[in-house]
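Undergrad: So here's target-v3.cif, just mmCIF, C-alpha atoms:
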data_run
loop_
_atom_site.label_atom_id
_atom_site.label_comp_id
_atom_site.auth_asym_id
_atom_site.auth_seq_id
_atom_site.Cartn_x
_atom_site.Cartn_y
_atom_site.Cartn_z
CA MET A 1 0.00 0.00 0.00
CA LYS A 2 1.32 3.40 -0.98
CA THR A 3 1.99 6.03 1.63
CA ILE A 4 3.11 9.64 1.44
CA ALA A 5 6.66 8.52 2.27
CA THR A 6 6.77 5.95 -0.55
CA CYS A 7 5.35 8.50 -2.99
CA VAL A 8 8.01 11.00 -1.97
CA GLU A 9 10.71 8.36 -2.46
CA GLU A 10 9.34 7.39 -5.88
CA ILE A 11 9.39 11.02 -7.05
CA LEU A 12 12.87 11.75 -5.72
CA VAL A 13 14.42 8.61 -7.17
CA SER A 14 13.05 9.54 -10.59
CA GLN A 15 14.53 13.06 -10.32
CA PRO A 16 18.17 12.69 -9.19
CA PHE A 17 18.93 16.42 -9.34
CA LEU A 18 16.06 17.04 -6.93
CA GLU A 19 17.19 14.23 -4.65
CA ASP A 20 20.75 15.55 -4.66
CA ALA A 21 19.63 19.08 -3.74
CA LEU A 22 17.47 17.66 -0.94
CA THR A 23 20.26 15.59 0.60
CA ARG A 24 22.53 18.66 0.49
CA ASN A 25 19.92 20.73 2.37
CA ILE A 26 19.72 23.44 -0.26
CA LEU A 27 15.99 23.14 -0.92
CA ASN A 28 13.07 24.94 0.66
CA TYR A 29 11.11 22.05 2.20
CA SER A 30 7.90 24.02 2.49
CA ALA A 31 7.94 25.16 -1.16
CA LEU A 32 8.83 21.67 -2.40
CA ALA A 33 6.08 20.07 -0.30
CA GLU A 34 3.56 22.50 -1.77
CA GLU A 35 4.72 21.65 -5.29
CA LEU A 36 4.46 17.90 -4.64
CA LYS A 37 1.00 18.10 -3.10
CA ASP A 38 -0.93 17.65 -6.37
CA PRO A 39 1.14 14.78 -7.84
CA ILE A 40 1.13 12.88 -4.53
CA SER A 41 -2.61 13.44 -4.14
CA LYS A 42 -3.08 11.89 -7.59
CA MET A 43 -0.80 8.97 -6.72
CA LEU A 44 -2.77 8.26 -3.52
CA ARG A 45 -6.13 9.24 -5.03
CA LYS A 46 -6.97 11.39 -2.06
CA PRO A 47 -6.11 14.88 -0.79
CA VAL A 48 -2.90 15.22 1.21
CA LYS A 49 -1.57 18.05 3.33
CA SER A 50 1.70 19.78 2.53
CA GLY A 51 2.73 19.44 6.19
CA ALA A 52 2.68 15.64 5.93
CA ILE A 53 4.72 15.78 2.72
CA MET A 54 7.24 18.11 4.36
CA MET A 55 7.66 15.65 7.21
CA ALA A 56 8.30 12.83 4.71
CA LEU A 57 10.87 14.98 2.91
CA ARG A 58 12.75 15.67 6.14
CA ARG A 59 12.81 11.97 7.01
CA TYR A 60 13.87 10.87 3.53
CA SER A 61 17.23 9.12 3.29
CA PRO A 62 18.48 7.58 0.01
CA PRO A 63 19.12 3.82 0.30
CA LYS A 64 22.69 3.02 1.43
CA GLU A 65 23.53 6.68 0.88
CA MET A 66 26.23 7.11 3.49
CA ALA A 67 28.22 3.93 2.82
CA ASN A 68 28.20 4.44 -0.93
CA LYS A 69 28.95 8.16 -0.57
CA ILE A 70 32.12 7.39 1.37
CA LYS A 71 33.25 4.96 -1.34
CA LEU A 72 32.29 7.42 -4.08
CA ASN A 73 34.23 10.29 -2.50
CA LYS A 74 37.29 8.06 -2.16
CA VAL A 75 37.16 7.11 -5.85
CA LEU A 76 36.69 10.73 -6.94
CA GLN A 77 39.68 11.82 -4.86
CA ASN A 78 41.75 9.09 -6.51
CA LEU A 79 40.87 9.87 -10.10
CA GLY A 80 43.84 9.45 -12.40
CA ASP A 81 45.25 11.85 -14.94
CA ILE A 82 42.85 14.06 -16.84
CA THR A 83 44.01 14.37 -20.45
CA VAL A 84 42.70 16.80 -23.06
CA ARG A 85 43.01 16.19 -26.80
CA SER A 86 41.84 18.84 -29.26
CA ASP A 87 41.43 19.09 -33.04
CA LEU A 88 39.27 15.99 -33.32
CA SER A 89 36.60 14.99 -35.84
CA ASP A 90 33.71 12.58 -35.36
CA TYR A 91 32.16 10.46 -38.13
CA THR A 92 28.98 8.40 -37.98
CA PHE A 93 28.53 5.55 -40.45
CA LYS A 94 25.63 3.20 -41.02
CA ASN A 95 26.58 -0.37 -40.18
CA SER A 96 27.31 -2.56 -43.17
CA SER A 97 28.99 -5.86 -43.99
CA SER A 98 32.05 -3.98 -45.27
CA LEU A 99 32.41 -1.50 -42.39
CA ILE A 100 34.84 -3.63 -40.41
CA HIS A 101 37.10 -3.90 -43.48
CA SER A 102 37.14 -0.11 -43.75
CA HIS A 103 38.09 0.00 -40.07
CA LEU A 104 40.97 -2.41 -40.72
CA LYS A 105 42.23 -0.19 -43.55
CA MET A 106 42.39 2.73 -41.15
CA LEU A 107 44.23 0.67 -38.56
CA GLU A 108 46.90 -0.02 -41.14
CA VAL A 109 47.35 3.73 -41.59
CA ILE A 110 47.74 4.56 -37.90
CA LYS A 111 49.42 1.42 -36.53
CA GLU A 112 52.91 2.92 -36.57
CA ASP A 113 51.97 6.01 -34.55
CA PRO A 114 50.75 5.27 -30.98
CA HIS A 115 50.07 8.96 -30.33
CA ILE A 116 47.24 9.27 -32.85
CA PHE A 117 43.83 9.60 -31.24
CA TYR A 118 41.45 7.10 -32.84
CA THR A 119 38.38 5.31 -31.52
CA PHE A 120 35.91 3.04 -33.28
CA THR A 121 32.59 2.28 -31.58
CA ARG A 122 30.07 -0.09 -33.12
CA GLY A 123 26.43 0.20 -32.14
CA VAL A 124 23.37 -1.76 -33.22
CA HIS A 125 22.62 0.31 -36.32
CA GLU A 126 25.54 2.72 -36.66
CA SER A 127 29.19 3.13 -35.79
CA ASN A 128 31.27 6.11 -34.76
CA VAL A 129 34.85 6.95 -35.64
CA LEU A 130 36.70 9.61 -33.67
CA ILE A 131 39.97 10.72 -35.22
CA THR A 132 42.57 13.48 -35.16
CA THR A 133 41.33 16.04 -37.69
CA ALA A 134 44.68 16.05 -39.51
CA LEU A 135 43.88 12.51 -40.70
CA LYS A 136 40.49 13.30 -42.20
CA LYS A 137 41.70 12.48 -45.71
CA HIS A 138 42.73 9.01 -44.58
CA ILE A 139 39.34 8.42 -42.94
CA GLU A 140 37.48 9.55 -46.04
CA GLU A 141 39.64 7.28 -48.19
CA SER A 142 39.40 4.23 -45.93
CA TYR A 143 35.62 4.62 -45.49
CA LYS A 144 34.83 5.92 -48.96
CA ASN A 145 32.41 3.07 -49.71
CA GLU A 146 30.44 3.52 -46.48
CA ASP A 147 27.29 5.55 -45.84
CA CYS A 148 28.39 8.50 -43.69
CA THR A 149 25.43 10.18 -41.97
CA THR A 150 27.16 12.91 -39.94
CA VAL A 151 30.54 14.59 -39.63
CA GLN A 152 31.47 16.97 -36.81
CA ASP A 153 34.74 18.90 -36.56
CA ASN A 154 36.12 21.24 -33.86
CA LEU A 155 35.80 18.71 -31.05
CA SER A 156 37.92 18.00 -27.98
CA ALA A 157 38.17 14.90 -25.83
CA ILE A 158 38.66 14.85 -22.06
CA THR A 159 39.85 11.48 -20.78
CA ILE A 160 39.73 10.65 -17.07
CA GLY A 161 41.70 7.78 -15.57
CA LEU A 162 39.54 5.76 -13.15
CA PRO A 163 40.71 3.69 -10.16
CA LYS A 164 40.36 -0.07 -10.58
CA GLU A 165 37.50 -0.22 -8.05
CA ASN A 166 35.36 2.10 -10.18
CA THR A 167 33.20 -0.76 -11.49
CA LYS A 168 31.96 -1.45 -7.95
CA ILE A 169 30.82 2.11 -7.19
CA ALA A 170 27.21 3.05 -7.90
CA GLY A 171 26.66 6.52 -9.31
CA LEU A 172 30.24 7.28 -10.40
CA TYR A 173 29.40 8.22 -13.99
CA TYR A 174 26.39 10.11 -12.74
CA GLN A 175 28.73 12.45 -10.85
CA PHE A 176 30.42 13.42 -14.12
CA PHE A 177 27.14 13.89 -15.97
CA LYS A 178 25.58 15.83 -13.09
CA ARG A 179 28.51 18.21 -12.77
CA LEU A 180 28.60 18.92 -16.50
CA ALA A 181 24.83 19.39 -16.62
CA TRP A 182 24.98 21.88 -13.73
CA GLU A 183 27.49 23.87 -15.80
CA GLY A 184 25.23 23.72 -18.87
CA ILE A 185 27.76 21.72 -20.88
CA SER A 186 26.39 19.48 -23.63
CA LEU A 187 28.19 16.23 -24.43
CA TYR A 188 28.69 15.33 -28.06
CA GLU A 189 29.92 11.81 -27.42
CA VAL A 190 30.91 9.49 -24.59
CA VAL A 191 33.45 6.68 -24.89
CA SER A 192 34.61 4.44 -22.06
CA THR A 193 36.81 1.46 -21.30
CA THR A 194 37.07 -0.36 -17.98
CA ASN A 195 39.41 2.16 -16.39
CA GLU A 196 39.05 5.22 -18.64
CA PHE A 197 36.15 7.53 -19.26
CA THR A 198 36.21 9.95 -22.21
CA ILE A 199 33.77 12.75 -22.96
CA LEU A 200 33.69 14.59 -26.27
CA VAL A 201 32.68 18.26 -26.30
CA GLU A 202 32.86 21.16 -28.71
CA ASP A 203 36.12 23.12 -28.59
CA GLU A 204 34.47 26.27 -27.26
CA VAL A 205 33.46 24.63 -23.96
CA VAL A 206 36.44 22.33 -23.37
CA ASP A 207 38.08 24.63 -20.79
CA LYS A 208 34.85 24.89 -18.83
CA ALA A 209 34.31 21.12 -19.03
CA PHE A 210 37.87 20.43 -17.89
CA SER A 211 37.46 22.70 -14.85
CA ALA A 212 34.15 21.01 -13.98
CA ILE A 213 35.68 17.51 -14.12
CA LYS A 214 38.78 18.58 -12.21
CA SER A 215 36.66 20.07 -9.44
CA LEU A 216 35.26 16.60 -8.68
CA LYS A 217 38.69 15.54 -7.40
CA ASN A 218 38.38 18.17 -4.70
#
Reformat the file's structure so that it appears as structure tokens.
TA:
Amino acid sequence: MKTIATCVEEILVSQPFLEDALTRNILNYSALAEELKDPISKMLRKPVKSGAIMMALRRYSPPKEMANKIKLNKVLQNLGDITVRSDLSDYTFKNSSSLIHSHLKMLEVIKEDPHIFYTFTRGVHESNVLITTALKKHIEESYKNEDCTTVQDNLSAITIGLPKENTKIAGLYYQFFKRLAWEGISLYEVVSTTNEFTILVEDEVVDKAFSAIKSLKN
């Protein structure tokens, strides 16, 4: 059976920014309770008082919040190097039976230079290639028989080294996304491996994005 407390929890879990602001005590409980009165009344199918909602808000505690928060803070403090690469271009190709062969052609071009930035990500219906802009001609030659749907230049990549225990910490990636969203920074692409996390942004916001990511270590 639903109660005011379970309704409050359901709403907060579905709105992580709201939950975060609540746990940091930067919300006006009275104003929030008044705003939640109508949706909670609909959920319970009966009128509810804002005072009861405010009480539920004050008692709310995210599941396992403290234990996970301690682990999360430790991981953030132990983030590895943050590397920025600029002058990148991003290509999107429709998947095809020949796409992997085009990818192999490009690998032949770059195999002798370990410093070249190149990623290939295959999805269900399309694949992305991220490459140093100076090698655009090689990409266009290697993938000349493929169906290219979008090309975006003037991009920068910010790569964050993650501690080995990162895969056991709930909400780690959310911290990056939340911080960037608070700063109004749009992500063009996200690429990750087990111990590295890379975000792709437009050149004009890379400094702001770097500062936002770096601040998480503090």
Undergrad: Closest to A:Ser41 among A:Leu27, A:Ile4, A:Glu19, A:Lys71, using all atoms listed in the file?
TA: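 Among A:Leu27, A:Ile4, A:Glu19, A:Lys71, it is A:Ile4 that comes nearest to A:Ser41.
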Undergrad: Set the distance at 9 Å and use all atoms listed in the file: which residues neighbour stretch 130-147 of chain A once local chain neighbours fewer than 2 positions away are removed? I'd like the list as a ChimeraX atom specification.
TA: /A:85-96,98-99,101-106,109,116-121,128,149,153-154
Undergrad: Pick out the closest residue to A:Ser215 from this set: A:Asp203, A:Glu9, A:Glu183, A:Glu126. Count all atoms listed in the file.
TA: A:Glu183
Undergrad: My list of candidates is A:Thr167, A:Ser211, A:Thr23, A:Asn195. Which is closest to A:Arg179 when distances are computed with all atoms listed in the file?
TA: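 So, comparing all the options, the nearest one is A:Ser211.
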Undergrad: Just the number, please: distance in Å from atom CA of A:Tyr60 to atom CA of A:Leu32, one decimal.
TA: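 Atom-to-atom, atom CA of A:Tyr60 to atom CA of A:Leu32, that is 13.3 Å.
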Undergrad: Any idea what the distance is between atom CA of A:Thr83 and atom CA of A:Val205?
TA: 15.1 Å
Undergrad: Could you check which of A:Lys178, A:Lys208, A:Lys49, A:Lys214 is closest to A:Phe17, using only C-alpha atoms?
TA: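 Using only C-alpha atoms, the shortest distance to A:Phe17 belongs to A:Lys178.
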Undergrad: To one decimal place in Å, what is the distance between atom CA of A:Leu155 and atom CA of A:Glu202?
TA: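 Between atom CA of A:Leu155 and atom CA of A:Glu202 the gap is 4.5 Å.
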